[in-house]
Structure formats: C-alpha cells, structure tokens
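*Asks:* Got a structure for you, entry_38.txt, holding compact mmCIF, C-alpha atoms.
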# COMPACT_ATOMS: atom_id res chain seq x y z
CA MET X 1 -26.04 -2.38 -9.04
CA ILE X 2 -22.84 -3.15 -10.98
CA ALA X 3 -21.17 -0.08 -9.46
CA ASN X 4 -22.06 -1.23 -5.94
CA HIS X 5 -20.67 -4.67 -6.65
CA ARG X 6 -17.44 -3.17 -8.00
CA LYS X 7 -17.10 -0.98 -4.89
CA LYS X 8 -17.45 -4.06 -2.68
CA VAL X 9 -14.87 -5.96 -4.73
CA VAL X 10 -12.34 -3.10 -4.52
CA ALA X 11 -12.85 -2.62 -0.77
CA THR X 12 -12.60 -6.38 -0.14
CA GLN X 13 -9.41 -6.70 -2.21
CA LEU X 14 -7.88 -3.70 -0.42
CA LYS X 15 -8.73 -5.17 2.99
CA GLN X 16 -7.27 -8.52 1.88
CA SER X 17 -4.03 -6.80 0.80
CA TYR X 18 -3.85 -4.99 4.14
CA SER X 19 -4.37 -8.30 5.97
CA ILE X 20 -1.68 -10.09 3.97
CA LEU X 21 0.85 -7.34 4.71
CA TYR X 22 -0.20 -6.92 8.35
CA ASN X 23 0.10 -10.66 9.00
CA ALA X 24 3.48 -10.82 7.23
CA ILE X 25 4.78 -7.98 9.41
CA LYS X 26 3.49 -9.63 12.60
CA LEU X 27 5.03 -13.00 11.65
CA SER X 28 8.28 -11.27 10.80
CA GLU X 29 8.28 -9.50 14.16
CA SER X 30 8.00 -12.87 15.90
CA GLU X 31 11.28 -13.92 14.26
CA ASN X 32 13.11 -10.62 13.70
CA GLY X 33 11.98 -8.53 16.66
CA SER X 34 9.86 -5.40 16.63
CA TYR X 35 9.72 -3.45 13.36
CA GLU X 36 11.14 -0.50 15.33
CA TYR X 37 14.51 -2.27 15.33
CA TRP X 38 14.54 -3.47 11.73
CA ASP X 39 17.24 -2.28 9.38
CA ILE X 40 16.04 0.86 7.61
CA PRO X 41 16.76 0.58 3.89
CA GLU X 42 17.90 3.31 1.57
CA ASN X 43 15.52 4.38 -1.21
CA THR X 44 17.12 2.15 -3.80
CA PRO X 45 15.56 -0.93 -5.37
CA ASN X 46 18.46 -3.11 -4.19
CA SER X 47 18.23 -1.91 -0.59
CA LEU X 48 14.43 -2.36 -0.61
CA GLU X 49 14.89 -5.84 -2.06
CA ILE X 50 17.26 -6.77 0.78
CA PHE X 51 14.74 -5.39 3.29
CA SER X 52 11.88 -7.33 1.67
CA ASN X 53 13.89 -10.54 1.44
CA LYS X 54 14.54 -10.42 5.18
CA TYR X 55 11.33 -8.98 6.61
CA ILE X 56 8.45 -9.61 4.16
CA LEU X 57 8.98 -12.34 1.55
CA PRO X 58 9.41 -15.29 3.95
CA TYR X 59 5.94 -14.56 5.32
CA ILE X 60 3.84 -14.24 2.15
CA THR X 61 3.03 -16.38 -0.88
CA TYR X 62 4.19 -14.78 -4.11
CA LEU X 63 4.87 -15.57 -7.76
CA GLU X 64 7.77 -13.28 -8.55
CA THR X 65 9.80 -10.30 -7.43
CA GLY X 66 11.86 -7.83 -9.33
CA ILE X 67 13.09 -4.35 -9.91
CA ALA X 68 11.05 -2.40 -12.37
CA ASN X 69 10.17 1.07 -13.44
CA ASN X 70 6.81 2.24 -14.70
CA ASN X 71 7.67 1.28 -18.24
CA ASN X 72 8.10 -2.45 -17.79
CA ASN X 73 7.15 -4.95 -15.08
CA THR X 74 4.88 -2.99 -12.78
CA THR X 75 1.99 -0.64 -13.37
CA ILE X 76 2.39 1.29 -10.12
CA ASN X 77 3.37 4.86 -10.92
CA ILE X 78 4.60 7.03 -8.08
CA ASN X 79 7.25 9.37 -9.50
CA GLY X 80 7.89 9.27 -13.23
CA ASN X 81 10.49 6.64 -14.03
CA GLU X 82 11.59 5.87 -10.48
CA LYS X 83 12.67 2.26 -10.10
CA LEU X 84 10.75 0.17 -7.60
CA PHE X 85 11.17 -3.20 -5.96
CA TYR X 86 7.96 -5.15 -6.53
CA ILE X 87 6.31 -8.40 -5.53
CA LYS X 88 3.53 -10.13 -7.48
CA LEU X 89 1.32 -12.13 -5.15
CA VAL X 90 -0.48 -15.33 -6.10
CA ASN X 91 -3.86 -13.56 -5.84
CA GLY X 92 -2.91 -11.16 -8.67
CA THR X 93 -1.97 -8.20 -6.46
CA THR X 94 1.24 -6.28 -7.12
CA ILE X 95 3.08 -4.64 -4.23
CA ALA X 96 5.85 -2.10 -4.70
CA PHE X 97 8.16 -0.65 -2.06
CA HIS X 98 9.53 2.89 -1.75
CA ARG X 99 11.50 4.53 1.03
CA GLY X 100 9.80 7.75 2.07
CA GLY X 101 8.82 8.78 5.62
CA GLY X 102 8.99 5.07 6.35
CA ILE X 103 8.52 2.15 4.02
CA ASP X 104 5.81 3.23 1.58
CA ILE X 105 4.01 0.16 0.30
CA TYR X 106 2.01 0.69 -2.87
CA VAL X 107 -0.59 -1.93 -3.76
CA ASP X 108 -2.26 -2.52 -7.10
CA ILE X 109 -5.13 -4.78 -6.05
CA ASN X 110 -5.64 -6.21 -9.54
CA GLY X 111 -2.06 -6.21 -10.80
CA ASP X 112 -1.70 -5.40 -14.48
CA LYS X 113 -5.43 -4.98 -15.10
CA LYS X 114 -6.65 -1.45 -15.75
CA PRO X 115 -7.28 1.28 -14.70
CA ASN X 116 -3.93 1.32 -12.81
CA LYS X 117 -4.71 4.59 -11.03
CA ALA X 118 -4.28 5.69 -7.45
CA GLY X 119 -7.62 5.79 -5.67
CA TYR X 120 -9.22 3.34 -8.12
CA ASP X 121 -7.21 0.12 -7.95
CA GLN X 122 -3.96 1.38 -6.46
CA PHE X 123 -3.57 2.31 -2.82
CA ALA X 124 -0.82 3.05 -0.30
CA PHE X 125 0.18 1.82 3.12
CA LEU X 126 3.03 2.86 5.35
CA LEU X 127 5.27 0.95 7.71
CA ASN X 128 6.49 3.76 9.94
CA ILE X 129 9.85 2.28 10.89
CA SER X 130 11.31 5.71 11.59
CA ASN X 131 8.53 6.39 14.13
CA SER X 132 7.89 9.85 12.75
CA LEU X 133 5.05 11.43 14.68
CA SER X 134 3.62 12.71 11.38
CA TYR X 135 2.42 9.21 10.57
CA SER X 136 0.52 6.44 12.33
CA LYS X 137 2.69 4.18 14.42
CA GLY X 138 3.52 0.83 12.85
CA PHE X 139 1.72 -0.40 9.74
CA ALA X 140 -1.34 1.48 8.49
CA PRO X 141 -3.01 2.90 5.40
CA LEU X 142 -1.19 6.04 4.33
CA GLY X 143 -3.03 8.97 5.86
CA ARG X 144 -4.58 7.17 8.85
CA ASN X 145 -3.58 10.01 11.21
CA ARG X 146 -5.06 12.60 8.86
CA VAL X 147 -8.40 10.83 8.48
CA LEU X 148 -8.66 10.45 12.26
CA GLN X 149 -8.21 14.22 12.58
CA SER X 150 -10.64 15.07 9.78
CA ARG X 151 -12.34 12.61 7.47
CA GLU X 152 -13.78 15.48 5.43
CA ASN X 153 -10.41 17.16 4.76
CA THR X 154 -8.74 13.83 3.98
CA LEU X 155 -11.58 12.93 1.60
CA ILE X 156 -11.09 16.25 -0.23
CA SER X 157 -7.33 15.62 -0.48
CA CYS X 158 -7.94 12.06 -1.66
CA GLY X 159 -10.14 13.38 -4.48
CA LYS X 160 -7.88 16.23 -5.55
CA ASN X 161 -4.12 15.87 -5.40
CA GLU X 162 -3.40 13.08 -2.90
CA PRO X 163 -5.16 9.94 -4.18
CA TRP X 164 -2.80 7.69 -2.22
CA LEU X 165 -4.68 8.78 0.92
CA CYS X 166 -7.82 7.01 -0.28
CA SER X 167 -6.85 3.76 1.44
CA ALA X 168 -7.18 5.53 4.79
CA ILE X 169 -10.69 6.72 3.87
CA ILE X 170 -11.79 3.20 2.93
CA GLU X 171 -10.34 1.74 6.14
CA PHE X 172 -11.92 4.50 8.25
CA ASP X 173 -15.29 3.77 6.64
CA GLY X 174 -15.13 0.14 7.76
CA TRP X 175 -13.47 -1.20 4.60
CA GLU X 176 -16.33 0.15 2.53
CA ILE X 177 -16.51 2.65 -0.32
CA LYS X 178 -19.20 5.12 0.65
CA LYS X 179 -21.33 7.29 -1.63
CA ASP X 180 -19.15 10.38 -1.10
CA TYR X 181 -15.97 8.60 -2.23
CA PRO X 182 -14.39 10.96 -4.80
CA TYR X 183 -13.78 8.41 -7.58
CA ARG X 184 -16.29 6.49 -9.61
CA ILE X 185 -15.38 2.86 -9.06
Turn this file's structure into structure tokens for me.

*Replies:*
Amino acid sequence: MIANHRKKVVATQLKQSYSILYNAIKLSESENGSYEYWDIPENTPNSLEIFSNKYILPYITYLETGIANNNNNTTININGNEKLFYIKLVNGTTIAFHRGGGIDIYVDINGDKKPNKAGYDQFAFLLNISNSLSYSKGFAPLGRNRVLQSRENTLISCGKNEPWLCSAIIEFDGWEIKKDYPYRI
C-alpha cells in the first residue's frame, strides 16, 4: 500500500514538472516566437543561463538559480563533474539544463531529498530546438519517440543503462508507474 502511494506521488510530481515546463515554453512562445527560432545555446552553464533567463525563467515561479556541479548546489548527476545551470522551483523541484541533441532538461522532483537517482526521483525531458528527427518534435519526455516505437524495448533500456528514458515510459502509461516499471519506487 505504501509502495502504491509512493508510485502515485512520483508520477504526479513528474506530471506536474512536465506541466510547469510545458506551460512556460508555451507562454514563452507567445512572446518570443516559436521555439524553432529561439537562440540555440552552447553547452556551457553561462550560455544555458542566458537561454533560461530569456525563454524559461520569466514564465515560472522559482526560488533560486545558479551554476553548480554535482558536488555542491544540485543533486542531478549526468556526467561526472559537469557544471549545470539549475533552477530551484517553489514546489521543491530542481531543474537543470544541458545542451545535447536539443536542450536536455533534467528534473529532480523532490530536490535535495534522496534517493537522487535517475528513474527514481530524477527524470529527463527534451526541448528539441534543433529539430533532429531522432527526437520528438518540440518539448517531450526524453525517449518519447522510442517508447512509441516499442514500449517493451524502451522499458528494458530504462531499467538497464538508460534510466533517463523512464520519464517517457511513465508518460506513455498515462502518467502512472505500472507494475513492470524496472525500479522499486
């Protein structure tokens, strides 16, 4: 019973994070034009901060922002000691930005609280500003295209070596963590 409650809490918080970011992007588009024409930042914390200051921060409620690595202000770990630009929201969520195939947006749904692991309380979204056909168009959970092609294969990848894909599984399953989810929440 406790496990089921925890699964519902995680799925609800993930959906809420998605909604906050989705709405911010839509509001930003109404003032800044389509995301397809936004300035594409470099993968540096300063460039991502400039991007966020223009396109994201005016449209969300947050407590603080900063540049951090995994050893100080943020618990999101993507690549060793890579520096990230992060935002701490008023609801306790931490968001960190990375420039990959688009703007990778990593979300820790409970901020500094443990377990601070991908697939458990940390998830990934992508704003595909480069319009790469490898990814879903626009803003989506990382891996949305893959889960649409094969939920089973994406679920296996989520549970093995690509836990950042788990957000796509949860979205695909109707913002619910099903019994076959690979992590014990």

*Asks:* So what do you get for atom CA of X:Gly111 versus atom CA of X:Lys8, distance-wise?

*Replies:*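 Computing it gives 17.5 Å between the two atoms.
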
*Asks:* Which residues come within 7 Å of stretch 82-94 of chain X, counting all atoms listed in the file, excluding same-chain residues fewer than 4 positions away, as a PyMOL selection string?

*Replies:* chain X and resi 45+48-49+61-69+98+107-111

*Asks:* Could you dump the residues just selected with C-alpha atoms as a compact mmCIF listing (two decimals), keeping the file's coordinate frame?

*Replies:*
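Printed below is again35.txt as written:
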# COMPACT_ATOMS: atom_id res chain seq x y z
CA PRO X 45 15.56 -0.93 -5.37
CA LEU X 48 14.43 -2.36 -0.61
CA GLU X 49 14.89 -5.84 -2.06
CA THR X 61 3.03 -16.38 -0.88
CA TYR X 62 4.19 -14.78 -4.11
CA LEU X 63 4.87 -15.57 -7.76
CA GLU X 64 7.77 -13.28 -8.55
CA THR X 65 9.80 -10.30 -7.43
CA GLY X 66 11.86 -7.83 -9.33
CA ILE X 67 13.09 -4.35 -9.91
CA ALA X 68 11.05 -2.40 -12.37
CA ASN X 69 10.17 1.07 -13.44
CA HIS X 98 9.53 2.89 -1.75
CA VAL X 107 -0.59 -1.93 -3.76
CA ASP X 108 -2.26 -2.52 -7.10
CA ILE X 109 -5.13 -4.78 -6.05
CA ASN X 110 -5.64 -6.21 -9.54
CA GLY X 111 -2.06 -6.21 -10.80

*Asks:* Figure out the distance between atom CA of X:Ala3 and atom CA of X:Tyr183, please, to one decimal in Å.

*Replies:*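 Taking atom CA of X:Tyr183 as the start and atom CA of X:Ala3 as the end point, the length is 11.4 Å.
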
*Asks:* What does the structure give for the distance between atom CA of X:Arg99 and atom CA of X:Asn43, in Å to one decimal?

*Replies:*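 One can read the atom CA of X:Arg99 to atom CA of X:Asn43 distance as 4.6 Å.
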
*Asks:* I'd like the neighbourhood of X:Glu29 as a ChimeraX atom specification, where a residue qualifies if any of its atoms comes within 12 Å (using only C-alpha atoms), though same-chain residues fewer than 3 positions away should be ignored.

*Replies:* /X:22-26,32-38,54-56,58-59,138

*Asks:* Fewer than 2 positions away in the same chain doesn't count, so skip those; otherwise give me all residues within 10 Å of stretch 167-175 of chain X, counting only C-alpha atoms, as a ChimeraX atom specification.

*Replies:* /X:8,10-16,18,107,118-120,122-125,140-148,151-152,154-155,158,163-165,177-178,181

*Asks:* What lies within 6 Å of X:Gly159 using all atoms listed in the file, ignoring chain neighbours under 2 positions off, as a PyMOL selection string?

*Replies:* chain X and resi 156-157+182

*Asks:* Could you rebuild stretch 95-113 of chain X with N, CA and C atoms and give me the result as a PDB file, in the coordinates of the input?

*Replies:*
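Result written to result-v9.pdb:
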ATOM      1  N   ILE X  95       2.643  -5.508  -5.321  1.00  0.00           N
ATOM      2  CA  ILE X  95       3.080  -4.640  -4.230  1.00  0.00           C
ATOM      3  C   ILE X  95       4.419  -4.048  -4.632  1.00  0.00           C
ATOM      4  N   ALA X  96       4.581  -2.748  -4.409  1.00  0.00           N
ATOM      5  CA  ALA X  96       5.850  -2.100  -4.700  1.00  0.00           C
ATOM      6  C   ALA X  96       6.300  -1.311  -3.466  1.00  0.00           C
ATOM      7  N   PHE X  97       7.600  -1.279  -3.243  1.00  0.00           N
ATOM      8  CA  PHE X  97       8.160  -0.650  -2.060  1.00  0.00           C
ATOM      9  C   PHE X  97       8.953   0.608  -2.433  1.00  0.00           C
ATOM     10  N   HIS X  98       8.852   1.607  -1.569  1.00  0.00           N
ATOM     11  CA  HIS X  98       9.530   2.890  -1.750  1.00  0.00           C
ATOM     12  C   HIS X  98       9.932   3.377  -0.370  1.00  0.00           C
ATOM     13  N   ARG X  99      11.077   3.968  -0.254  1.00  0.00           N
ATOM     14  CA  ARG X  99      11.500   4.530   1.030  1.00  0.00           C
ATOM     15  C   ARG X  99      11.155   6.002   1.058  1.00  0.00           C
ATOM     16  N   GLY X 100      10.198   6.358   1.886  1.00  0.00           N
ATOM     17  CA  GLY X 100       9.800   7.750   2.070  1.00  0.00           C
ATOM     18  C   GLY X 100       9.926   8.078   3.542  1.00  0.00           C
ATOM     19  N   GLY X 101       8.830   8.507   4.189  1.00  0.00           N
ATOM     20  CA  GLY X 101       8.820   8.780   5.620  1.00  0.00           C
ATOM     21  C   GLY X 101       8.920   7.509   6.437  1.00  0.00           C
ATOM     22  N   GLY X 102       8.851   6.413   5.794  1.00  0.00           N
ATOM     23  CA  GLY X 102       8.990   5.070   6.350  1.00  0.00           C
ATOM     24  C   GLY X 102       9.139   4.174   5.140  1.00  0.00           C
ATOM     25  N   ILE X 103       8.576   2.999   5.197  1.00  0.00           N
ATOM     26  CA  ILE X 103       8.520   2.150   4.020  1.00  0.00           C
ATOM     27  C   ILE X 103       7.131   2.350   3.421  1.00  0.00           C
ATOM     28  N   ASP X 104       7.067   3.064   2.302  1.00  0.00           N
ATOM     29  CA  ASP X 104       5.810   3.230   1.580  1.00  0.00           C
ATOM     30  C   ASP X 104       5.558   1.947   0.818  1.00  0.00           C
ATOM     31  N   ILE X 105       4.367   1.405   0.973  1.00  0.00           N
ATOM     32  CA  ILE X 105       4.010   0.160   0.300  1.00  0.00           C
ATOM     33  C   ILE X 105       2.810   0.456  -0.591  1.00  0.00           C
ATOM     34  N   TYR X 106       3.051   0.414  -1.890  1.00  0.00           N
ATOM     35  CA  TYR X 106       2.010   0.690  -2.870  1.00  0.00           C
ATOM     36  C   TYR X 106       1.430  -0.624  -3.350  1.00  0.00           C
ATOM     37  N   VAL X 107       0.102  -0.694  -3.416  1.00  0.00           N
ATOM     38  CA  VAL X 107      -0.590  -1.930  -3.760  1.00  0.00           C
ATOM     39  C   VAL X 107      -1.493  -1.683  -4.958  1.00  0.00           C
ATOM     40  N   ASP X 108      -1.329  -2.503  -5.979  1.00  0.00           N
ATOM     41  CA  ASP X 108      -2.260  -2.520  -7.100  1.00  0.00           C
ATOM     42  C   ASP X 108      -3.082  -3.790  -6.921  1.00  0.00           C
ATOM     43  N   ILE X 109      -4.324  -3.623  -6.479  1.00  0.00           N
ATOM     44  CA  ILE X 109      -5.130  -4.780  -6.050  1.00  0.00           C
ATOM     45  C   ILE X 109      -5.466  -5.746  -7.171  1.00  0.00           C
ATOM     46  N   ASN X 110      -5.356  -5.300  -8.429  1.00  0.00           N
ATOM     47  CA  ASN X 110      -5.640  -6.210  -9.540  1.00  0.00           C
ATOM     48  C   ASN X 110      -4.463  -6.315 -10.506  1.00  0.00           C
ATOM     49  N   GLY X 111      -3.270  -6.028 -10.009  1.00  0.00           N
ATOM     50  CA  GLY X 111      -2.060  -6.210 -10.800  1.00  0.00           C
ATOM     51  C   GLY X 111      -2.054  -5.408 -12.081  1.00  0.00           C
ATOM     52  N   ASP X 112      -1.841  -6.068 -13.184  1.00  0.00           N
ATOM     53  CA  ASP X 112      -1.700  -5.400 -14.480  1.00  0.00           C
ATOM     54  C   ASP X 112      -3.015  -4.954 -15.105  1.00  0.00           C
ATOM     55  N   LYS X 113      -4.136  -5.367 -14.528  1.00  0.00           N
ATOM     56  CA  LYS X 113      -5.430  -4.980 -15.100  1.00  0.00           C
ATOM     57  C   LYS X 113      -5.665  -3.484 -14.889  1.00  0.00           C
TER      58      LYS X 113
END
